[in-house]
file my_file-v5.cif (mmCIF, C-alpha atoms and all ligand atoms)
data_protein
loop_
_atom_site.label_atom_id
_atom_site.label_comp_id
_atom_site.auth_asym_id
_atom_site.auth_seq_id
_atom_site.Cartn_x
_atom_site.Cartn_y
_atom_site.Cartn_z
CA MET A 54 -48.49 -20.37 0.18
CA PHE A 55 -47.62 -18.29 -2.83
CA SER A 56 -50.19 -15.59 -3.39
CA ARG A 57 -51.02 -14.66 -6.94
CA ARG A 58 -52.32 -11.34 -5.79
CA ARG A 59 -49.12 -10.47 -3.97
CA PHE A 60 -47.13 -11.46 -7.02
CA LEU A 61 -49.14 -9.11 -9.17
CA THR A 62 -48.79 -6.32 -6.68
CA SER A 63 -45.02 -6.56 -6.38
CA ALA A 64 -44.63 -6.95 -10.12
CA GLY A 65 -46.76 -3.85 -10.55
CA VAL A 66 -44.61 -1.90 -8.15
CA ALA A 67 -41.48 -3.03 -9.91
CA SER A 68 -42.68 -1.95 -13.32
CA LEU A 69 -43.92 1.35 -11.99
CA ALA A 70 -40.51 1.98 -10.48
CA THR A 71 -38.84 1.11 -13.75
CA PHE A 72 -41.20 3.39 -15.58
CA ALA A 73 -40.64 6.24 -13.17
CA ARG A 74 -36.90 6.11 -13.85
CA LEU A 75 -37.28 5.89 -17.58
CA PRO A 76 -37.00 9.59 -18.45
CA ASN A 77 -33.54 9.64 -16.86
CA VAL A 78 -32.20 6.40 -18.22
CA ARG A 79 -30.97 7.68 -21.54
CA ALA A 80 -29.21 10.69 -20.04
CA GLU A 81 -27.33 8.73 -17.39
CA GLN A 82 -24.18 7.62 -19.11
CA TYR A 83 -22.33 7.35 -15.77
CA ASP A 84 -23.03 5.36 -12.63
CA LEU A 85 -21.34 7.83 -10.33
CA LEU A 86 -20.00 11.35 -10.46
CA ILE A 87 -17.44 12.53 -7.90
CA LYS A 88 -17.85 16.23 -8.31
CA GLY A 89 -15.91 19.36 -7.49
CA GLY A 90 -12.80 17.99 -5.75
CA ARG A 91 -9.12 18.71 -6.21
CA VAL A 92 -7.99 15.75 -8.27
CA ILE A 93 -4.40 14.64 -7.73
CA ASP A 94 -3.25 11.91 -10.10
CA PRO A 95 0.55 11.95 -9.99
CA ALA A 96 0.85 9.23 -12.66
CA ARG A 97 -0.28 11.84 -15.16
CA ASN A 98 0.80 15.03 -13.42
CA VAL A 99 -2.78 16.03 -12.73
CA ASP A 100 -3.44 18.39 -9.83
CA ARG A 101 -6.52 20.52 -10.48
CA LEU A 102 -10.22 20.92 -9.79
CA ALA A 103 -12.14 18.37 -11.82
CA ASP A 104 -15.02 15.89 -11.78
CA VAL A 105 -14.47 12.16 -12.01
CA ALA A 106 -17.15 10.12 -13.75
CA ILE A 107 -17.38 6.38 -13.26
CA ALA A 108 -19.15 3.77 -15.37
CA ASN A 109 -19.03 -0.02 -15.13
CA GLY A 110 -16.38 0.02 -12.44
CA THR A 111 -13.89 2.09 -14.40
CA VAL A 112 -13.01 5.75 -14.73
CA ALA A 113 -15.07 7.02 -17.67
CA ALA A 114 -14.17 10.72 -17.71
CA LEU A 115 -12.11 13.26 -15.85
CA ARG A 116 -12.78 16.89 -16.69
CA THR A 117 -14.48 20.00 -15.35
CA ASN A 118 -18.21 20.61 -15.40
CA ILE A 119 -19.60 17.14 -15.99
CA ALA A 120 -23.35 17.54 -15.56
CA ALA A 121 -24.86 15.85 -12.52
CA SER A 122 -27.77 14.79 -14.73
CA SER A 123 -25.39 12.54 -16.66
CA ALA A 124 -24.88 10.28 -13.62
CA ALA A 125 -27.18 8.04 -11.63
CA ASP A 126 -25.52 9.20 -8.43
CA THR A 127 -23.47 12.29 -7.60
CA VAL A 128 -21.20 12.91 -4.63
CA ASP A 129 -20.19 16.50 -3.95
CA VAL A 130 -16.58 16.59 -2.72
CA SER A 131 -15.90 20.32 -2.91
CA GLY A 132 -12.96 21.30 -0.74
CA LYS A 133 -11.64 17.75 -0.64
CA LEU A 134 -8.93 15.82 -2.43
CA VAL A 135 -9.72 13.08 -4.93
CA VAL A 136 -6.85 10.65 -5.40
CA PRO A 137 -6.37 7.18 -6.91
CA GLY A 138 -7.04 4.19 -4.64
CA LEU A 139 -4.06 3.94 -2.32
CA ILE A 140 -1.56 1.10 -2.66
CA ASP A 141 0.23 -0.10 0.46
CA ILE A 142 3.10 -2.40 -0.50
CA HIS A 143 4.13 -3.38 3.02
CA THR A 144 1.47 -4.57 5.47
CA HIS A 145 0.70 -7.63 7.54
CA ALA A 146 -2.97 -7.66 6.72
CA VAL A 147 -3.25 -11.34 5.84
CA ARG A 148 -3.08 -12.51 9.43
CA GLU A 149 -6.73 -11.87 10.30
CA LYS A 150 -9.59 -12.09 7.85
CA GLU A 151 -10.91 -8.65 8.89
CA ASP A 152 -7.67 -6.74 8.36
CA ALA A 153 -7.95 -6.02 4.63
CA ALA A 154 -11.42 -4.54 5.20
CA LEU A 155 -10.01 -2.11 7.78
CA CYS A 156 -7.28 -1.00 5.38
CA LEU A 157 -9.81 -0.68 2.56
CA ALA A 158 -11.99 1.59 4.65
CA ASP A 159 -8.90 3.78 5.15
CA GLY A 160 -8.46 4.07 1.37
CA VAL A 161 -6.11 1.19 0.59
CA THR A 162 -7.70 -0.53 -2.40
CA SER A 163 -4.61 -2.57 -3.30
CA ILE A 164 -2.48 -4.12 -0.61
CA ILE A 165 0.55 -6.35 -0.17
CA ASP A 166 1.11 -8.57 2.81
CA ALA A 167 4.88 -8.58 3.03
CA GLY A 168 6.10 -11.91 4.29
CA SER A 169 3.73 -12.79 7.12
CA ARG A 170 3.62 -16.31 5.75
CA GLY A 171 6.19 -18.69 4.27
CA SER A 172 5.68 -21.85 2.27
CA ASP A 173 4.25 -23.74 5.29
CA ARG A 174 1.10 -21.62 5.44
CA ILE A 175 0.99 -19.89 2.09
CA ASP A 176 -2.07 -21.77 0.80
CA GLU A 177 -4.10 -20.56 3.74
CA ALA A 178 -2.84 -17.00 3.19
CA VAL A 179 -3.81 -17.15 -0.48
CA ASP A 180 -7.34 -18.14 0.56
CA VAL A 181 -7.51 -15.04 2.77
CA ALA A 182 -6.21 -12.87 -0.08
CA LYS A 183 -8.77 -14.30 -2.48
CA ALA A 184 -11.59 -13.54 -0.07
CA ALA A 185 -10.36 -10.01 0.73
CA PRO A 186 -12.60 -7.09 -0.28
CA SER A 187 -9.56 -5.28 -1.66
CA ARG A 188 -6.94 -6.44 -4.15
CA MET A 189 -4.64 -8.34 -1.85
CA ARG A 190 -1.38 -9.94 -2.98
CA LEU A 191 1.39 -11.59 -1.00
CA LEU A 192 5.14 -11.64 -0.71
CA ILE A 193 6.14 -15.06 0.53
CA ASN A 194 8.66 -15.13 3.34
CA ILE A 195 11.85 -16.94 2.31
CA SER A 196 11.62 -18.76 5.64
CA LYS A 197 8.99 -21.46 5.49
CA THR A 198 7.69 -20.36 8.91
CA GLY A 199 6.90 -16.81 7.79
CA ASN A 200 7.45 -13.87 10.16
CA ASP A 201 8.57 -15.20 13.50
CA PRO A 202 9.14 -12.80 16.40
CA ASN A 203 11.91 -15.14 17.55
CA GLY A 204 13.72 -14.90 14.22
CA GLU A 205 12.69 -16.93 11.18
CA LEU A 206 16.17 -17.08 9.66
CA LEU A 207 18.37 -17.86 12.65
CA ASP A 208 18.33 -21.45 11.37
CA LEU A 209 18.93 -21.60 7.62
CA ASP A 210 17.22 -25.00 7.48
CA LYS A 211 14.02 -23.00 7.54
CA VAL A 212 14.78 -21.79 4.03
CA ASP A 213 13.27 -24.28 1.60
CA VAL A 214 13.92 -22.88 -1.85
CA VAL A 215 12.06 -25.67 -3.63
CA ALA A 216 8.91 -25.27 -1.54
CA THR A 217 9.10 -21.49 -1.98
CA ARG A 218 9.45 -21.79 -5.75
CA LYS A 219 6.57 -24.24 -5.95
CA ALA A 220 4.38 -21.99 -3.82
CA ILE A 221 4.95 -19.08 -6.19
CA GLU A 222 4.33 -21.26 -9.23
CA ARG A 223 1.16 -22.63 -7.68
CA HIS A 224 -0.20 -19.16 -6.91
CA ARG A 225 1.35 -16.98 -9.58
CA ASP A 226 -1.54 -14.46 -9.47
CA TYR A 227 -1.41 -14.02 -5.70
CA VAL A 228 2.14 -14.65 -4.56
CA VAL A 229 3.96 -11.86 -6.37
CA GLY A 230 7.37 -11.65 -4.72
CA ILE A 231 9.58 -12.69 -1.83
CA LYS A 232 10.25 -11.05 1.54
CA VAL A 233 13.52 -11.44 3.42
CA ARG A 234 13.99 -9.89 6.85
CA LEU A 235 17.64 -9.21 7.54
CA SER A 236 17.86 -7.66 11.01
CA ASP A 237 20.19 -9.23 13.53
CA PHE A 238 17.37 -10.64 15.69
CA VAL A 239 15.71 -12.21 12.63
CA ALA A 240 18.64 -13.62 10.65
CA GLY A 241 21.80 -13.23 12.75
CA LYS A 242 24.84 -14.12 10.70
CA ASN A 243 22.65 -15.77 8.03
CA ASP A 244 21.40 -12.49 6.52
CA LEU A 245 23.51 -12.43 3.36
CA GLN A 246 23.14 -16.16 2.69
CA ALA A 247 19.36 -16.02 3.14
CA LEU A 248 19.17 -13.15 0.67
CA LYS A 249 21.27 -15.02 -1.87
CA LEU A 250 19.04 -18.08 -1.53
CA ALA A 251 15.99 -15.87 -2.06
CA GLN A 252 17.50 -14.54 -5.28
CA THR A 253 17.97 -18.08 -6.60
CA VAL A 254 14.17 -18.37 -6.45
CA ALA A 255 13.21 -14.81 -7.43
CA GLY A 256 15.59 -14.46 -10.39
CA PRO A 257 14.30 -17.29 -12.61
CA LEU A 258 10.66 -16.48 -11.75
CA ASN A 259 11.28 -12.77 -12.36
CA VAL A 260 9.62 -11.56 -9.17
CA PRO A 261 10.83 -8.81 -6.86
CA ILE A 262 12.43 -9.31 -3.49
CA MET A 263 11.67 -6.94 -0.64
CA ILE A 264 14.39 -6.78 1.98
CA HIS A 265 13.77 -5.52 5.47
CA MET A 266 16.92 -3.53 6.25
CA GLY A 267 18.32 -2.09 9.48
CA GLN A 268 20.33 -3.52 12.36
CA SER A 269 21.73 -6.30 10.18
CA MET A 270 25.01 -8.05 10.95
CA THR A 271 26.22 -7.68 7.37
CA ALA A 272 26.94 -4.14 6.17
CA LEU A 273 24.16 -2.64 4.06
CA PRO A 274 26.32 -2.15 0.92
CA GLU A 275 27.02 -5.90 0.83
CA LEU A 276 23.28 -6.63 1.02
CA LEU A 277 22.41 -4.02 -1.60
CA ALA A 278 24.95 -5.55 -3.96
CA VAL A 279 22.79 -8.70 -4.14
CA LEU A 280 19.68 -6.77 -5.20
CA LYS A 281 18.51 -6.68 -8.79
CA ARG A 282 16.56 -3.99 -10.63
CA GLY A 283 13.01 -3.83 -9.26
CA ASP A 284 13.85 -5.16 -5.82
CA ILE A 285 12.65 -3.14 -2.85
CA VAL A 286 14.38 -2.00 0.33
CA THR A 287 11.88 -1.42 3.11
CA HIS A 288 12.50 0.41 6.41
CA LEU A 289 14.66 3.01 4.74
CA TYR A 290 14.69 5.14 7.92
CA SER A 291 16.01 2.42 10.19
CA PRO A 292 18.27 3.69 12.97
CA PRO A 293 21.81 2.26 13.07
CA PRO A 294 23.58 -0.07 12.97
CA ASN A 295 23.59 -0.51 9.23
CA GLY A 296 21.18 2.22 8.26
CA ILE A 297 21.52 4.25 5.07
CA PHE A 298 24.09 6.68 6.52
CA GLY A 299 27.79 5.99 6.81
CA ASP A 300 29.97 6.77 9.82
CA ASP A 301 30.80 10.10 8.15
CA GLY A 302 27.13 11.11 8.40
CA MET A 303 26.66 11.00 4.63
CA LEU A 304 24.29 8.79 2.68
CA LEU A 305 26.15 5.64 1.71
CA PRO A 306 27.29 5.75 -1.94
CA ALA A 307 25.92 2.19 -2.23
CA VAL A 308 22.43 3.51 -1.46
CA LEU A 309 22.61 6.13 -4.19
CA ASP A 310 24.05 3.54 -6.55
CA ALA A 311 21.26 1.05 -5.76
CA ARG A 312 18.62 3.64 -6.60
CA LYS A 313 20.41 4.36 -9.87
CA ARG A 314 20.26 0.66 -10.67
CA GLY A 315 16.48 0.62 -10.22
CA VAL A 316 16.20 -0.60 -6.63
CA TRP A 317 13.22 0.99 -4.83
CA PHE A 318 13.40 2.53 -1.35
CA ASP A 319 10.26 2.11 0.76
CA VAL A 320 9.21 3.51 4.14
CA GLY A 321 7.62 0.66 6.13
CA ASN A 322 6.70 2.85 9.14
CA GLY A 323 6.16 -0.04 11.56
CA LEU A 324 6.30 0.02 15.30
CA ASN A 325 9.83 -0.74 16.34
CA LYS A 326 13.32 0.20 15.07
CA HIS A 327 12.16 1.14 11.57
CA LEU A 328 11.71 4.90 11.67
CA THR A 329 13.23 7.63 13.80
CA TRP A 330 12.81 11.36 13.23
CA ASP A 331 16.57 11.75 13.43
CA VAL A 332 17.15 9.50 10.41
CA ALA A 333 14.06 10.74 8.54
CA GLU A 334 15.01 14.40 8.96
CA ARG A 335 18.63 13.83 7.94
CA THR A 336 17.44 11.89 4.90
CA ALA A 337 15.03 14.67 3.94
CA LYS A 338 17.82 17.21 4.32
CA ALA A 339 19.96 15.11 1.98
CA GLY A 340 17.11 15.30 -0.56
CA PHE A 341 16.70 11.53 -0.62
CA TRP A 342 12.94 10.90 -0.65
CA PRO A 343 11.29 7.50 -0.53
CA ASP A 344 10.00 5.95 -3.74
CA THR A 345 7.05 4.39 -1.96
CA ILE A 346 5.36 5.10 1.36
CA SER A 347 4.06 2.01 3.13
CA THR A 348 2.82 1.43 6.65
CA ASP A 349 4.04 -2.04 7.73
CA TRP A 350 0.48 -2.24 9.00
CA VAL A 351 -0.80 -4.36 11.87
CA PRO A 352 -4.12 -3.64 13.59
CA MET A 353 -2.49 -2.26 16.74
CA GLY A 354 -0.80 0.54 14.78
CA ARG A 355 -4.07 1.58 13.20
CA ALA A 356 -5.84 1.68 16.52
CA ASP A 357 -3.13 3.89 18.02
CA GLN A 358 -3.13 6.17 14.97
CA ILE A 359 0.58 5.47 14.64
CA PHE A 360 0.27 4.22 11.15
CA ASN A 361 -3.02 4.17 9.48
CA VAL A 362 -2.24 5.19 5.94
CA GLY A 363 -3.36 8.83 6.29
CA THR A 364 -1.11 9.33 9.30
CA VAL A 365 1.93 7.87 7.58
CA LEU A 366 1.40 10.01 4.49
CA SER A 367 0.94 13.07 6.71
CA LYS A 368 4.35 12.51 8.28
CA PHE A 369 5.91 13.17 4.90
CA LEU A 370 4.04 16.44 4.46
CA MET A 371 5.56 17.41 7.79
CA LEU A 372 9.03 16.39 6.57
CA GLY A 373 8.60 18.77 3.64
CA MET A 374 7.61 16.50 0.80
CA PRO A 375 5.18 18.13 -1.66
CA LEU A 376 1.60 16.83 -1.47
CA ALA A 377 1.46 15.43 -5.01
CA ARG A 378 4.71 13.59 -4.43
CA VAL A 379 3.41 12.10 -1.20
CA ILE A 380 0.26 10.87 -2.97
CA GLY A 381 2.43 9.59 -5.81
CA CYS A 382 4.42 7.41 -3.40
CA ALA A 383 1.24 5.58 -2.41
CA THR A 384 -0.26 5.40 -5.91
CA ALA A 385 1.72 5.71 -9.13
CA ASN A 386 5.09 4.74 -7.67
CA ALA A 387 3.68 1.86 -5.66
CA ALA A 388 2.09 0.47 -8.82
CA ARG A 389 5.43 0.74 -10.60
CA ALA A 390 7.31 -0.91 -7.76
CA MET A 391 4.89 -3.82 -7.59
CA PRO A 392 4.45 -5.30 -11.09
CA ALA A 393 1.33 -7.16 -9.89
CA PHE A 394 -0.35 -3.74 -9.59
CA LYS A 395 0.55 -2.51 -13.05
CA GLY A 396 -2.03 -0.07 -14.43
CA LEU A 397 -3.39 0.79 -10.98
CA GLY A 398 -2.68 3.89 -8.91
CA THR A 399 -4.08 6.29 -11.51
CA LEU A 400 -7.37 7.91 -12.46
CA ALA A 401 -6.68 7.62 -16.18
CA VAL A 402 -9.76 6.94 -18.26
CA SER A 403 -10.49 3.19 -18.35
CA ALA A 404 -8.45 2.53 -15.18
CA ALA A 405 -10.22 0.68 -12.36
CA ALA A 406 -12.46 3.11 -10.50
CA ASP A 407 -10.53 2.90 -7.23
CA VAL A 408 -10.89 6.40 -5.87
CA VAL A 409 -10.28 7.91 -2.45
CA VAL A 410 -11.72 11.15 -1.16
CA MET A 411 -9.40 12.69 1.43
CA GLU A 412 -9.40 15.81 3.49
CA LEU A 413 -6.26 17.89 3.90
CA GLN A 414 -6.72 19.41 7.33
CA GLU A 415 -4.74 22.40 8.61
CA GLY A 416 -3.89 22.74 12.28
CA ARG A 417 -1.44 21.26 14.75
CA PHE A 418 -1.06 17.50 14.61
CA GLN A 419 1.30 15.29 16.55
CA TYR A 420 3.18 12.46 14.92
CA VAL A 421 5.33 9.86 16.62
CA ASP A 422 8.30 7.86 15.43
CA ASN A 423 9.20 4.33 16.57
CA GLU A 424 10.81 5.72 19.72
CA HIS A 425 7.66 7.67 20.60
CA ALA A 426 9.37 10.98 19.95
CA ILE A 427 6.81 13.57 18.94
CA ARG A 428 6.91 16.05 16.09
CA THR A 429 4.16 18.53 15.32
CA GLY A 430 2.99 18.98 11.75
CA ARG A 431 0.67 21.59 10.30
CA GLN A 432 -1.28 19.28 8.03
CA ARG A 433 -3.08 15.98 8.21
CA LEU A 434 -4.52 13.75 5.51
CA VAL A 435 -7.69 11.97 6.51
CA THR A 436 -9.61 9.50 4.38
CA ARG A 437 -13.26 10.39 4.03
CA THR A 438 -14.67 7.97 1.45
CA THR A 439 -13.27 5.05 -0.49
CA PHE A 440 -14.61 3.71 -3.77
CA LYS A 441 -13.37 0.37 -5.05
CA GLY A 442 -14.35 -0.48 -8.62
CA GLY A 443 -16.82 2.40 -8.37
CA ARG A 444 -18.51 0.91 -5.32
CA ARG A 445 -18.66 2.98 -2.15
CA ILE A 446 -16.98 1.33 0.85
CA ALA A 447 -18.48 1.91 4.28
CA ALA A 448 -16.24 3.57 6.87
CA LEU A 449 -15.03 1.25 9.66
ZN ZN B 1 6.78 -5.81 7.96
#
call {"tool": "encode", "arguments": {"input": "my_file-v5.cif", "output": "structure tokens"}}
result
Amino acid sequence: MFSRRRFLTSAGVASLATFARLPNVRAEQYDLLIKGGRVIDPARNVDRLADVAIANGTVAALRTNIAASSAADTVDVSGKLVVPGLIDIHTHAVREKEDAALCLADGVTSIIDAGSRGSDRIDEAVDVAKAAPSRMRLLINISKTGNDPNGELLDLDKVDVVATRKAIERHRDYVVGIKVRLSDFVAGKNDLQALKLAQTVAGPLNVPIMIHMGQSMTALPELLAVLKRGDIVTHLYSPPPNGIFGDDGMLLPAVLDARKRGVWFDVGNGLNKHLTWDVAERTAKAGFWPDTISTDWVPMGRADQIFNVGTVLSKFLMLGMPLARVIGCATANAARAMPAFKGLGTLAVSAAADVVVMELQEGRFQYVDNEHAIRTGRQRLVTRTTFKGGRRIAAL
């Protein structure tokens, strides 16, 4: 039975608590203060010690010496990096309901599932994306079956352009582009035709296509020629045949030309035939850096430390890419490459308060490529704390 006495008691406690906080209420203009870290916000060329203040789920201030008394809660991050919420534009995190939460705990506040599902199962995938704790969007596979280990494009009848178009129209806010895998084992001799069919859908709807390059039957320049401004090439470090280097050992002119035309080049670390140190080191030597750094995430890769996001970013420090540029590839650039994430990937005032606290560790760290070759780097980026919309995310 409801007790009047208990009601009075709890009400009394509540008002006492409210009263006790009163002296602070007026001074606390911020909900959270992330204090004393090295803030790297490549979108605005920021790389300096500063405090980040958060109010109502957005960045409210970024400057030095913000008083702790001005915030309800303060986190001291001295000696650590403070970067915008990471954006991973190539994952397969829609397959299990728990996957997005794992990525979020690693610092990925905005995430793309790149082609796990085609029109057959896109509605179900959209439901997963809607329920995800992070901002999850999808590229629909041009094959209605979605990713198929046996090759989703070996039979072109699996490309249903009408169903694909309708799926995008039905879920405009969640299905934000198209994925086409073009390797021999996926598409065989259909690679070029599948890509052209994908463009007939993507063009009129003005959405990007992401192609998975490497080991295709058609030569890469012929595939690149079909790409429009804003399209994305993932698996840039694929070993031959049909990687980004010509037989003369030079970067293909068509690759340089595609970048000039506004085509993005993405990493897509992955597990198999997508990244070898040989190709990555030659590419670095040629001064051709990726625009975006993505993981091609599946849970197995995270568990093995092959490609949680910190590990993949660290590989680029080892390859000689400057830290701010590495962070930029997973924040500012990723937001530019994926129009659905416009305005994210920055700590500008009034941006969403997606913030990641990372540690830049010094030591000896081993990194593997897709052939399990080992390289040793001197630095490692490790995610310590993630905030999404100003809310602290528990580590997983
Ligand atoms: Zn993939």
call {"tool": "residues_near_ligand", "arguments": {"input": "my_file-v5.cif", "ligand": "ligand ZN 1 (chain B)", "cutoff": "7 Å", "atoms": "only C-alpha atoms and all ligand atoms", "output": "list in words"}}
result
His143, Thr144, His145, Ala167, Gly321, Gly323 and Asp349 of chain A
call {"tool": "closest_residue", "arguments": {"input": "my_file-v5.cif", "among": "A:Ala426, A:Ala184, A:Leu235, A:Ala220", "to": "Glu205 of chain A", "atoms": "all atoms listed in the file"}}
result
A:Leu235
call {"tool": "closest_residue", "arguments": {"input": "my_file-v5.cif", "among": "A:Arg335, A:Arg101, A:Arg116, A:Arg417", "to": "Ser291 of chain A", "atoms": "all atoms listed in the file"}}
result
A:Arg335
call {"tool": "residues_around", "arguments": {"input": "my_file-v5.cif", "residues": "Ile359 of chain A", "least_positions_apart": "4", "cutoff": "8 Å", "atoms": "all atoms listed in the file", "output": "PyMOL selection string"}}
result
chain A and resi 324+354-355+364-365+420-421
call {"tool": "write_last_selection", "arguments": {"input": "my_file-v5.cif", "atoms": "C-alpha atoms", "output": "compact mmCIF listing (two decimals), in the frame of the given file"}}
result
# COMPACT_ATOMS: atom_id res chain seq x y z
CA LEU A 324 6.30 0.02 15.30
CA GLY A 354 -0.80 0.54 14.78
CA ARG A 355 -4.07 1.58 13.20
CA THR A 364 -1.11 9.33 9.30
CA VAL A 365 1.93 7.87 7.58
CA TYR A 420 3.18 12.46 14.92
CA VAL A 421 5.33 9.86 16.62
call {"tool": "closest_residue", "arguments": {"input": "my_file-v5.cif", "among": "A:Ala114, A:Ala447, A:Val402, A:Ile346", "to": "Asn386 of chain A", "atoms": "only C-alpha atoms"}}
result
A:Ile346
call {"tool": "atom_distance", "arguments": {"input": "my_file-v5.cif", "atom1": "atom CA of Asp100 of chain A", "atom2": "atom CA of Leu449 of chain A"}}
result
28.4 Å
call {"tool": "atom_distance", "arguments": {"input": "my_file-v5.cif", "atom1": "atom CA of Met270 of chain A", "atom2": "atom CA of Asp244 of chain A"}}
result
7.2 Å
call {"tool": "atom_distance", "arguments": {"input": "my_file-v5.cif", "atom1": "atom CA of Thr348 of chain A", "atom2": "atom CA of Cys156 of chain A"}}
result
10.5 Å
call {"tool": "closest_residue", "arguments": {"input": "my_file-v5.cif", "among": "A:Val239, A:Leu155, A:Ala108, A:Ala337", "to": "Ser123 of chain A", "atoms": "all atoms listed in the file"}}
result
A:Ala108
call {"tool": "axis_aligned_box", "arguments": {"input": "my_file-v5.cif", "around": "segment 355-367 of chain A", "padding_each_side": "6 Å", "output": "lines of an AutoDock Vina configuration file"}}
result
center_x = -2.0
center_y = 7.3
center_z = 11.3
size_x = 19.8
size_y = 23.5
size_z = 25.5
call {"tool": "closest_residue", "arguments": {"input": "my_file-v5.cif", "among": "A:Glu334, A:Asp201, A:Asp176, A:Asp129", "to": "Lys219 of chain A", "atoms": "all atoms listed in the file"}}
result
A:Asp176
